[in-house]
4 protein chains.
Amino acid sequence: MRAASLETGLKVVTEVVDPRDVELVAEYADCLQIGSRNMQNYPLLNEVGQSPKPALLKRGLSASYKEFLLAAEYIMAQGNEQVILCERGIRGLTNELRFTLDLNAVPYLKQRTHLPVIVDPSHGTGSARLVPAMSLAAIACGADGIIVETHYSPADSISDAAQTISTVEFAELMKDIAAVAEAVGRKAHSPVVR
Amino acid sequence: MRAASLETGLKVVTEVVDPRDVELVAEYADCLQIGSRNMQNYPLLNEVGQSPKPALLKRGLSASYKEFLLAAEYIMAQGNEQVILCERGIRGLTNELRFTLDLNAVPYLKQRTHLPVIVDPSHGTGSARLVPAMSLAAIACGADGIIVETHYSPADSISDAAQTISTVEFAELMKDIAAVAEAVGRKAHSPVVR
Amino acid sequence: MRAASLETGLKVVTEVVDPRDVELVAEYADCLQIGSRNMQNYPLLNEVGQSPKPALLKRGLSASYKEFLLAAEYIMAQGNEQVILCERGIRGLTNELRFTLDLNAVPYLKQRTHLPVIVDPSHGTGSARLVPAMSLAAIACGADGIIVETHYSPADSISDAAQTISTVEFAELMKDIAAVAEAVGRKAHSPVVR
Amino acid sequence: MRAASLETGLKVVTEVVDPRDVELVAEYADCLQIGSRNMQNYPLLNEVGQSPKPALLKRGLSASYKEFLLAAEYIMAQGNEQVILCERGIRGLTNELRFTLDLNAVPYLKQRTHLPVIVDPSHGTGSARLVPAMSLAAIACGADGIIVETHYSPADSISDAAQTISTVEFAELMKDIAAVAEAVGRKAHSPVVR
């Protein structure tokens with residue numbers, strides 16, 4: 001990934017799951033992702049809080065907004081104030097989709113914290129067919145960005161194929177996002193690789 | 001309401017809860033609303049299905065998409081094919097907001113039915129401060145309309161004050177909606193009173 | 001059912017879904033059941049509240065305890081104080097079982113109301129294999145009774161076969177219930193048909 | 001705790017949250033608890049899987065039964081086959097209790113694994129008044145044990161006071177448990193301290 005990043009100029013976000021790996025991962029990644037299942041893994045939050053690299057904190061599958069904000073505080077209390085909050089879908093009441101994307105979280109969090117709030121519509125829907133629509137919704141309600149799984153041939157993707165959009169759809173989506181971002185008085189920026 | 005409607009030209013949508021009232025209500029209302037708590041009230045669905053007036057069917061608080069679509073089918077099976085589906089928030093996992101607005105429902109339902117799908121961000125958030133953002137999100141992900149509580153002085157509203165926006169905010173919101181609607185290739189229309 | 005009841009001496013509980021049917025059903029049934037999907041069907045609660053027959057009120061699929069108690073109050077406010085509360089499972093977070101039986105409801109409700117509280121482990125688990133264990137749990141935590149689906153040949157049952165126990169299992173279960181009821185200082189009574 | 005254990009002969013169960021602490025904690029504790037928020041903390045599961053001490057694995061707040069069993073498998077795959085599963089309440093739909101104790105989990109898991117299944121009615125209800133009833137329910141539906149918070153003066157307890165029963169209530173409960181255990185053909189054993 002590091003080599004690909006150097007060649008393309010794209011930034012690298014990668015997940016870290018073990019507090020013992022934080023230092024090493026931080027050498028190579030531009031941003032440290034803490035996954036949903038580790039949102040309340042305090043030793044991990046603690047180590048990431050001492051890293052000079054920004055943290056991307058994903059909301060737990062059934063975490064309240066308060067628990068989410070407290071987990072971010074936990075990182076910041078260690079000195080790392082570069083925390084990005086990411087809504088990625090909660091456990092819902094039906095099994096027709098893997099998760100229920102909770103966009104209420106976006107304006108709710110934005111009104112209570114200065115931290116950037118982004119949205120993961122890939123995990124938040126579990127379905128590639130819903131990703132473009134929910135990406136636009138995320139931007140429209142104030143998200144500072146989205147994190148989307150894309151692959152030149154989703155069917156050949158080795159993980160999460162069902163929720164991955166093609167690079168062609170991605171390019172199309174970027175155009176639509178730019179239009180919605182402008183409609184709500186914001187500007188779209190270039191993507192980061194992950 | 002009928003008098004106000006005649007004077008202003010605004011259409012009237014009103015809730016009906018008793019199958020015995022459907023005929024009478026249909027004489028005065030332009031559209032019959034079936035509330036969340038009655039989504040599976042089959043005698044009521046049955047009567048509304050025999051009415052010449054359109055039905056606005058709100059999703060049950062923990063109804064699956066399939067149950068929602070089947071309730072609509074139940075109305076249509078009686079001959080009334082003018083059914084509007086309305087996502088209005090589901091019971092969530094946290095108590096920080098009254099409900100979790102499930103916008104995944106919008107593209108999911110739009111891909112499976114020709115019926116119009118609208119969104120109620122007032123009930124779906126329970127908080128006036130979130131209504132504008134979530135209204136825009138609803139339009140961005142493909143909703144055919146929104147149903148919003150507004151009052152010239154929300155604090156004096158006799159019900160649901162916490163989720164009611166002012167008429168000034170409403171006018172502002174209508175402009176923002178027009179911009180987002182245009183960005184996603186749709187056109188905004190004039191409001192209906194309720 | 002009425003004929004079977006007269007012949008066997010078993011009492012009849014039957015569901016009523018339409019307010020217009022309450023009077024007729026009350027002529028033949030010993031107890032009027034209000035299903036989960038109608039827990040907040042106020043015209044129905046109203047009619048049942050004016051009936052001389054006891055009401056068996058099932059908790060809504062995502063109803064809070066307070067909403068459940070208020071629905072019971074609604075019936076009682078019309079004069080019918082014979083209301084039985086029934087916990088029957090709520091929408092859960094996983095799809096491995098149809099519902100999550102919420103037995104916390106039993107002691108919670110018993111501490112707040114004088115009304116009898118019973119449990120439906122058939123709907124509350126959706127799985128015949130879990131019915132005996134959960135029936136015993138219901139009695140152990142203070143339920144005043146259970147409502148169980150049984151059939152001499154569950155596989156041939158025309159509805160809810162997956163959650164129906166055989167009459168042989170039922171007889172076995174009644175013995176186990178008697179033992180648990182005695183262990184918690186209560187006495188088991190004979191069944192009512194439904 | 002170790003000193004208290006030596007003096008009284010009671011066994012010690014304690015929580016471990018950091019993979020780097022497993023070895024040290026295992027020297028002093030008789031059993032390593034993995035909390036709900038760490039159910040899918042794989043580096044931690046990995047270390048505990050290499051420990052000679054038994055593991056008490058608490059179910060995640062919104063984990064499915066399958067995810068719960070897979071987390072146990074993860075520990076066992078490292079060689080530690082002494083895993084105890086603990087149901088401790090899931091995020092529910094109402095806010096009247098902190099959690100919804102999911103006793104369906106007990107017979108469901110017992111029918112799918114040979115691992116012991118215990119229940120935590122203190123966290124699973126969040127309310128001391130419900131703990132005795134739900135402890136009995138847990139035993140009645142087949143739990144192999146319960147884990148209960150008790151204090152000689154709950155009001156003075158430094159954590160979780162609202163869900164802690166007094167030692168007097170605990171002694172009473174142990175008697176009731178013995179009676180229910182016998183009614184369902186099992187035998188109650190002596191407590192372990194934690």
# chains A, B, ... in the order shown; residues from 1 in each chain; ligands from 1
call {"tool": "closest_atom_pairs", "arguments": {"of": "chain A", "to": "chain B", "cutoff": "10 Å", "atoms": "only C-alpha atoms", "output": "Markdown table"}}
result
| residue | atom | partner | partner_atom | distance |
| --- | --- | --- | --- | --- |
| A:Leu61 | CA | B:Leu93 | CA | 9.6 |
| A:Ser62 | CA | B:Leu93 | CA | 6.3 |
| A:Ala63 | CA | B:Thr94 | CA | 7.6 |
| A:Ser64 | CA | B:Thr94 | CA | 5.3 |
| A:Tyr65 | CA | B:Glu96 | CA | 7.3 |
| A:Lys66 | CA | B:Glu96 | CA | 8.3 |
| A:Gly89 | CA | B:Asn104 | CA | 10.0 |
| A:Ile90 | CA | B:Leu93 | CA | 8.3 |
| A:Arg91 | CA | B:Leu93 | CA | 8.2 |
| A:Gly92 | CA | B:Gly92 | CA | 7.6 |
| A:Leu93 | CA | B:Ser62 | CA | 6.3 |
| A:Thr94 | CA | B:Ser64 | CA | 5.3 |
| A:Asn95 | CA | B:Ser64 | CA | 7.9 |
| A:Glu96 | CA | B:Tyr65 | CA | 7.3 |
| A:Leu97 | CA | B:Asn104 | CA | 8.6 |
| A:Phe99 | CA | B:Asn104 | CA | 9.1 |
| A:Thr100 | CA | B:Asp102 | CA | 6.6 |
| A:Leu101 | CA | B:Asn104 | CA | 6.5 |
| A:Asp102 | CA | B:Thr100 | CA | 6.6 |
| A:Leu103 | CA | B:Leu101 | CA | 7.4 |
| A:Asn104 | CA | B:Leu101 | CA | 6.5 |
| A:Ala105 | CA | B:Thr100 | CA | 9.0 |
| A:Val106 | CA | B:Ala133 | CA | 8.8 |
| A:Pro107 | CA | B:Leu130 | CA | 6.1 |
| A:Tyr108 | CA | B:Leu130 | CA | 6.8 |
| A:Gln111 | CA | B:Arg129 | CA | 8.8 |
| A:Pro121 | CA | B:Asn104 | CA | 9.4 |
| A:Gly124 | CA | B:Asn104 | CA | 8.6 |
| A:Thr125 | CA | B:Asn104 | CA | 6.8 |
| A:Ser127 | CA | B:Tyr108 | CA | 9.5 |
| A:Arg129 | CA | B:Pro107 | CA | 8.3 |
| A:Leu130 | CA | B:Pro107 | CA | 6.1 |
| A:Val131 | CA | B:Pro107 | CA | 9.2 |
| A:Pro132 | CA | B:Cys141 | CA | 8.1 |
| A:Ala133 | CA | B:Cys141 | CA | 4.4 |
| A:Met134 | CA | B:Cys141 | CA | 5.7 |
| A:Ser135 | CA | B:Cys141 | CA | 7.9 |
| A:Leu136 | CA | B:Ala140 | CA | 5.5 |
| A:Ala137 | CA | B:Ala137 | CA | 4.0 |
| A:Ala138 | CA | B:Ala137 | CA | 6.5 |
| A:Ile139 | CA | B:Ala137 | CA | 7.6 |
| A:Ala140 | CA | B:Ala137 | CA | 4.9 |
| A:Cys141 | CA | B:Ala133 | CA | 4.4 |
| A:Gly142 | CA | B:Ala133 | CA | 6.9 |
| A:Asp176 | CA | B:Val184 | CA | 7.1 |
| A:Ile177 | CA | B:Ala183 | CA | 8.9 |
| A:Ala178 | CA | B:Ala183 | CA | 9.0 |
| A:Ala179 | CA | B:Ala183 | CA | 5.3 |
| A:Val180 | CA | B:Ala183 | CA | 5.4 |
| A:Ala181 | CA | B:Val180 | CA | 8.8 |
| A:Glu182 | CA | B:Ala183 | CA | 8.3 |
| A:Ala183 | CA | B:Ala179 | CA | 5.3 |
| A:Val184 | CA | B:Val180 | CA | 7.1 |
| A:Gly185 | CA | B:Asp176 | CA | 9.7 |
call {"tool": "residues_around", "arguments": {"residues": "range 12-23 of chain C", "least_positions_apart": "3", "cutoff": "7 Å", "atoms": "only C-alpha atoms", "output": "MDAnalysis selection string"}}
result
(chainID B and resid 43) or (chainID C and resid 5 26:27 29:35 43:44 47:48 192:194)
call {"tool": "write_last_selection", "arguments": {"atoms": "N, CA and C atoms", "output": "compact mmCIF listing (two decimals), in the first residue's frame"}}
result
# COMPACT_ATOMS: atom_id res chain seq x y z
N PRO B 43 -58.33 -4.48 9.14
CA PRO B 43 -59.65 -3.94 8.80
C PRO B 43 -59.56 -2.49 8.31
N SER C 5 -65.42 -26.33 23.09
CA SER C 5 -65.35 -25.84 24.46
C SER C 5 -66.44 -26.45 25.33
N ALA C 26 -67.38 -11.63 21.50
CA ALA C 26 -67.55 -11.74 22.95
C ALA C 26 -68.70 -12.68 23.33
N GLU C 27 -69.63 -12.89 22.40
CA GLU C 27 -70.73 -13.82 22.70
C GLU C 27 -70.24 -15.25 22.77
N ALA C 29 -66.61 -16.21 22.82
CA ALA C 29 -65.32 -16.46 23.47
C ALA C 29 -65.39 -16.14 24.95
N ASP C 30 -64.51 -16.77 25.71
CA ASP C 30 -64.42 -16.48 27.14
C ASP C 30 -63.45 -15.34 27.39
N CYS C 31 -62.55 -15.10 26.43
CA CYS C 31 -61.53 -14.06 26.60
C CYS C 31 -61.16 -13.51 25.23
N LEU C 32 -61.03 -12.18 25.14
CA LEU C 32 -60.74 -11.52 23.86
C LEU C 32 -59.25 -11.20 23.76
N GLN C 33 -58.59 -11.77 22.78
CA GLN C 33 -57.16 -11.47 22.61
C GLN C 33 -56.96 -10.28 21.68
N ILE C 34 -56.09 -9.35 22.09
CA ILE C 34 -55.69 -8.24 21.22
C ILE C 34 -54.24 -8.51 20.83
N GLY C 35 -54.00 -8.68 19.55
CA GLY C 35 -52.66 -9.08 19.08
C GLY C 35 -51.65 -7.94 19.17
N PRO C 43 -59.39 2.37 18.62
CA PRO C 43 -60.82 2.02 18.49
C PRO C 43 -61.08 0.58 18.96
N LEU C 44 -60.15 -0.32 18.70
CA LEU C 44 -60.32 -1.71 19.14
C LEU C 44 -60.22 -1.80 20.67
N GLU C 47 -63.47 -0.60 22.21
CA GLU C 47 -64.60 -1.55 22.17
C GLU C 47 -64.40 -2.68 23.17
N VAL C 48 -63.18 -3.19 23.23
CA VAL C 48 -62.90 -4.28 24.17
C VAL C 48 -63.07 -3.77 25.60
N VAL C 192 -56.19 -23.78 29.36
CA VAL C 192 -57.34 -23.21 28.65
C VAL C 192 -57.05 -23.42 27.16
N VAL C 193 -58.05 -23.74 26.35
CA VAL C 193 -57.77 -23.93 24.92
C VAL C 193 -57.86 -22.60 24.17
N ARG C 194 -57.19 -22.55 23.01
CA ARG C 194 -57.22 -21.31 22.24
C ARG C 194 -57.15 -21.66 20.75
call {"tool": "atom_distance", "arguments": {"atom1": "CA of Pro154 in chain B", "atom2": "CA of Lys58 in chain B"}}
result
23.4 Å
call {"tool": "residues_around", "arguments": {"residues": "range 166-174 of chain B", "least_positions_apart": "5", "cutoff": "6 Å", "atoms": "only C-alpha atoms", "output": "ChimeraX atom specification"}}
result
/B:150-154
call {"tool": "select_by_dssp", "arguments": {"residues": "range 60-185 of chain C", "states": "alpha helix (DSSP H)", "output": "PDB file with C-alpha atoms, in the first residue's frame"}}
result
ATOM      1  CA  TYR C  65     -43.243  -1.146  29.062  1.00  0.00           C
ATOM      2  CA  LYS C  66     -44.894   2.223  29.525  1.00  0.00           C
ATOM      3  CA  GLU C  67     -46.699   2.034  26.198  1.00  0.00           C
ATOM      4  CA  PHE C  68     -47.830  -1.483  27.124  1.00  0.00           C
ATOM      5  CA  LEU C  69     -49.219  -0.346  30.476  1.00  0.00           C
ATOM      6  CA  LEU C  70     -50.888   2.684  28.867  1.00  0.00           C
ATOM      7  CA  ALA C  71     -52.639   0.437  26.347  1.00  0.00           C
ATOM      8  CA  ALA C  72     -53.967  -1.620  29.265  1.00  0.00           C
ATOM      9  CA  GLU C  73     -55.083   1.592  30.990  1.00  0.00           C
ATOM     10  CA  TYR C  74     -56.928   2.539  27.819  1.00  0.00           C
ATOM     11  CA  ILE C  75     -59.027  -0.626  28.060  1.00  0.00           C
ATOM     12  CA  MET C  76     -59.579  -0.232  31.787  1.00  0.00           C
ATOM     13  CA  ALA C 105     -40.792  -7.544  31.329  1.00  0.00           C
ATOM     14  CA  VAL C 106     -42.293 -10.031  33.765  1.00  0.00           C
ATOM     15  CA  PRO C 107     -40.812  -8.837  37.085  1.00  0.00           C
ATOM     16  CA  TYR C 108     -40.750  -5.253  35.783  1.00  0.00           C
ATOM     17  CA  LEU C 109     -44.483  -5.258  35.094  1.00  0.00           C
ATOM     18  CA  LYS C 110     -45.409  -7.316  38.162  1.00  0.00           C
ATOM     19  CA  PRO C 121     -42.787 -18.574  24.475  1.00  0.00           C
ATOM     20  CA  SER C 122     -44.041 -19.908  21.125  1.00  0.00           C
ATOM     21  CA  HIS C 123     -44.041 -16.516  19.417  1.00  0.00           C
ATOM     22  CA  GLY C 124     -41.324 -15.256  21.732  1.00  0.00           C
ATOM     23  CA  THR C 125     -38.807 -17.734  20.383  1.00  0.00           C
ATOM     24  CA  VAL C 131     -40.387 -23.452  24.074  1.00  0.00           C
ATOM     25  CA  PRO C 132     -40.060 -25.819  27.051  1.00  0.00           C
ATOM     26  CA  ALA C 133     -36.970 -24.089  28.496  1.00  0.00           C
ATOM     27  CA  MET C 134     -38.446 -20.618  28.092  1.00  0.00           C
ATOM     28  CA  SER C 135     -41.783 -21.704  29.562  1.00  0.00           C
ATOM     29  CA  LEU C 136     -39.979 -22.759  32.709  1.00  0.00           C
ATOM     30  CA  ALA C 137     -38.005 -19.514  32.768  1.00  0.00           C
ATOM     31  CA  ALA C 138     -41.252 -17.550  32.485  1.00  0.00           C
ATOM     32  CA  ILE C 139     -42.747 -19.304  35.497  1.00  0.00           C
ATOM     33  CA  ALA C 140     -39.513 -18.974  37.478  1.00  0.00           C
ATOM     34  CA  THR C 167     -49.201 -32.628  22.737  1.00  0.00           C
ATOM     35  CA  VAL C 168     -46.783 -35.202  24.156  1.00  0.00           C
ATOM     36  CA  GLU C 169     -44.184 -32.505  24.800  1.00  0.00           C
ATOM     37  CA  PHE C 170     -46.938 -30.322  26.208  1.00  0.00           C
ATOM     38  CA  ALA C 171     -47.930 -32.946  28.770  1.00  0.00           C
ATOM     39  CA  GLU C 172     -44.282 -33.314  29.768  1.00  0.00           C
ATOM     40  CA  LEU C 173     -43.903 -29.548  30.009  1.00  0.00           C
ATOM     41  CA  MET C 174     -46.946 -29.250  32.283  1.00  0.00           C
ATOM     42  CA  LYS C 175     -45.254 -31.572  34.747  1.00  0.00           C
ATOM     43  CA  ASP C 176     -42.017 -29.576  34.669  1.00  0.00           C
ATOM     44  CA  ILE C 177     -43.949 -26.346  35.100  1.00  0.00           C
ATOM     45  CA  ALA C 178     -45.688 -27.758  38.154  1.00  0.00           C
ATOM     46  CA  ALA C 179     -42.288 -28.524  39.686  1.00  0.00           C
ATOM     47  CA  VAL C 180     -40.864 -25.051  38.972  1.00  0.00           C
ATOM     48  CA  ALA C 181     -44.083 -23.353  40.100  1.00  0.00           C
ATOM     49  CA  GLU C 182     -43.844 -25.189  43.375  1.00  0.00           C
ATOM     50  CA  ALA C 183     -40.140 -24.312  43.733  1.00  0.00           C
TER      51      ALA C 183
END
call {"tool": "decode", "arguments": {"residues": "range 89-162 of chain C", "atoms": "C-alpha atoms", "output": "CSV table (one decimal), in the first residue's frame"}}
result
chain,number,residue,atom,x,y,z
C,89,GLY,CA,-41.1,-11.3,22.2
C,90,ILE,CA,-39.8,-8.2,20.7
C,91,ARG,CA,-37.9,-7.5,17.5
C,92,GLY,CA,-34.3,-8.3,18.3
C,93,LEU,CA,-30.9,-7.5,16.9
C,94,THR,CA,-30.2,-10.8,15.2
C,95,ASN,CA,-32.1,-12.9,12.8
C,96,GLU,CA,-31.3,-16.3,14.3
C,97,LEU,CA,-34.6,-16.4,16.1
C,98,ARG,CA,-37.8,-14.6,14.9
C,99,PHE,CA,-38.1,-12.7,18.2
C,100,THR,CA,-36.3,-12.0,21.4
C,101,LEU,CA,-38.4,-13.0,24.4
C,102,ASP,CA,-38.1,-10.2,26.9
C,103,LEU,CA,-38.5,-11.9,30.3
C,104,ASN,CA,-37.3,-8.7,32.1
C,105,ALA,CA,-40.8,-7.5,31.3
C,106,VAL,CA,-42.3,-10.0,33.8
C,107,PRO,CA,-40.8,-8.8,37.1
C,108,TYR,CA,-40.7,-5.3,35.8
C,109,LEU,CA,-44.5,-5.3,35.1
C,110,LYS,CA,-45.4,-7.3,38.2
C,111,GLN,CA,-43.7,-4.7,40.3
C,112,ARG,CA,-45.7,-1.9,38.7
C,113,THR,CA,-49.2,-3.3,38.2
C,114,HIS,CA,-51.7,-5.7,39.9
C,115,LEU,CA,-52.6,-7.1,36.5
C,116,PRO,CA,-51.7,-10.7,35.7
C,117,VAL,CA,-48.7,-11.1,33.4
C,118,ILE,CA,-48.4,-14.1,31.1
C,119,VAL,CA,-45.8,-15.1,28.6
C,120,ASP,CA,-46.0,-16.6,25.0
C,121,PRO,CA,-42.8,-18.6,24.5
C,122,SER,CA,-44.0,-19.9,21.1
C,123,HIS,CA,-44.0,-16.5,19.4
C,124,GLY,CA,-41.3,-15.3,21.7
C,125,THR,CA,-38.8,-17.7,20.4
C,126,GLY,CA,-40.3,-18.9,17.1
C,127,SER,CA,-38.7,-22.3,17.7
C,128,ALA,CA,-40.4,-25.3,19.3
C,129,ARG,CA,-37.0,-26.5,20.6
C,130,LEU,CA,-36.8,-23.5,22.8
C,131,VAL,CA,-40.4,-23.5,24.1
C,132,PRO,CA,-40.1,-25.8,27.1
C,133,ALA,CA,-37.0,-24.1,28.5
C,134,MET,CA,-38.4,-20.6,28.1
C,135,SER,CA,-41.8,-21.7,29.6
C,136,LEU,CA,-40.0,-22.8,32.7
C,137,ALA,CA,-38.0,-19.5,32.8
C,138,ALA,CA,-41.3,-17.6,32.5
C,139,ILE,CA,-42.7,-19.3,35.5
C,140,ALA,CA,-39.5,-19.0,37.5
C,141,CYS,CA,-39.4,-15.2,37.1
C,142,GLY,CA,-43.0,-14.8,38.2
C,143,ALA,CA,-45.3,-15.1,35.2
C,144,ASP,CA,-48.9,-15.9,36.1
C,145,GLY,CA,-49.2,-18.2,33.1
C,146,ILE,CA,-48.0,-19.1,29.7
C,147,ILE,CA,-49.7,-19.4,26.3
C,148,VAL,CA,-48.2,-22.2,24.2
C,149,GLU,CA,-49.0,-23.5,20.8
C,150,THR,CA,-49.5,-27.3,20.7
C,151,HIS,CA,-50.7,-29.8,18.1
C,152,TYR,CA,-50.9,-33.5,18.1
C,153,SER,CA,-48.7,-33.4,15.1
C,154,PRO,CA,-46.9,-30.1,14.8
C,155,ALA,CA,-45.6,-30.8,11.3
C,156,ASP,CA,-49.2,-30.9,10.1
C,157,SER,CA,-50.2,-27.7,11.8
C,158,ILE,CA,-51.6,-25.2,9.4
C,159,SER,CA,-49.9,-22.2,10.9
C,160,ASP,CA,-46.8,-21.6,13.0
C,161,ALA,CA,-45.6,-25.2,12.7
C,162,ALA,CA,-42.0,-24.2,13.6
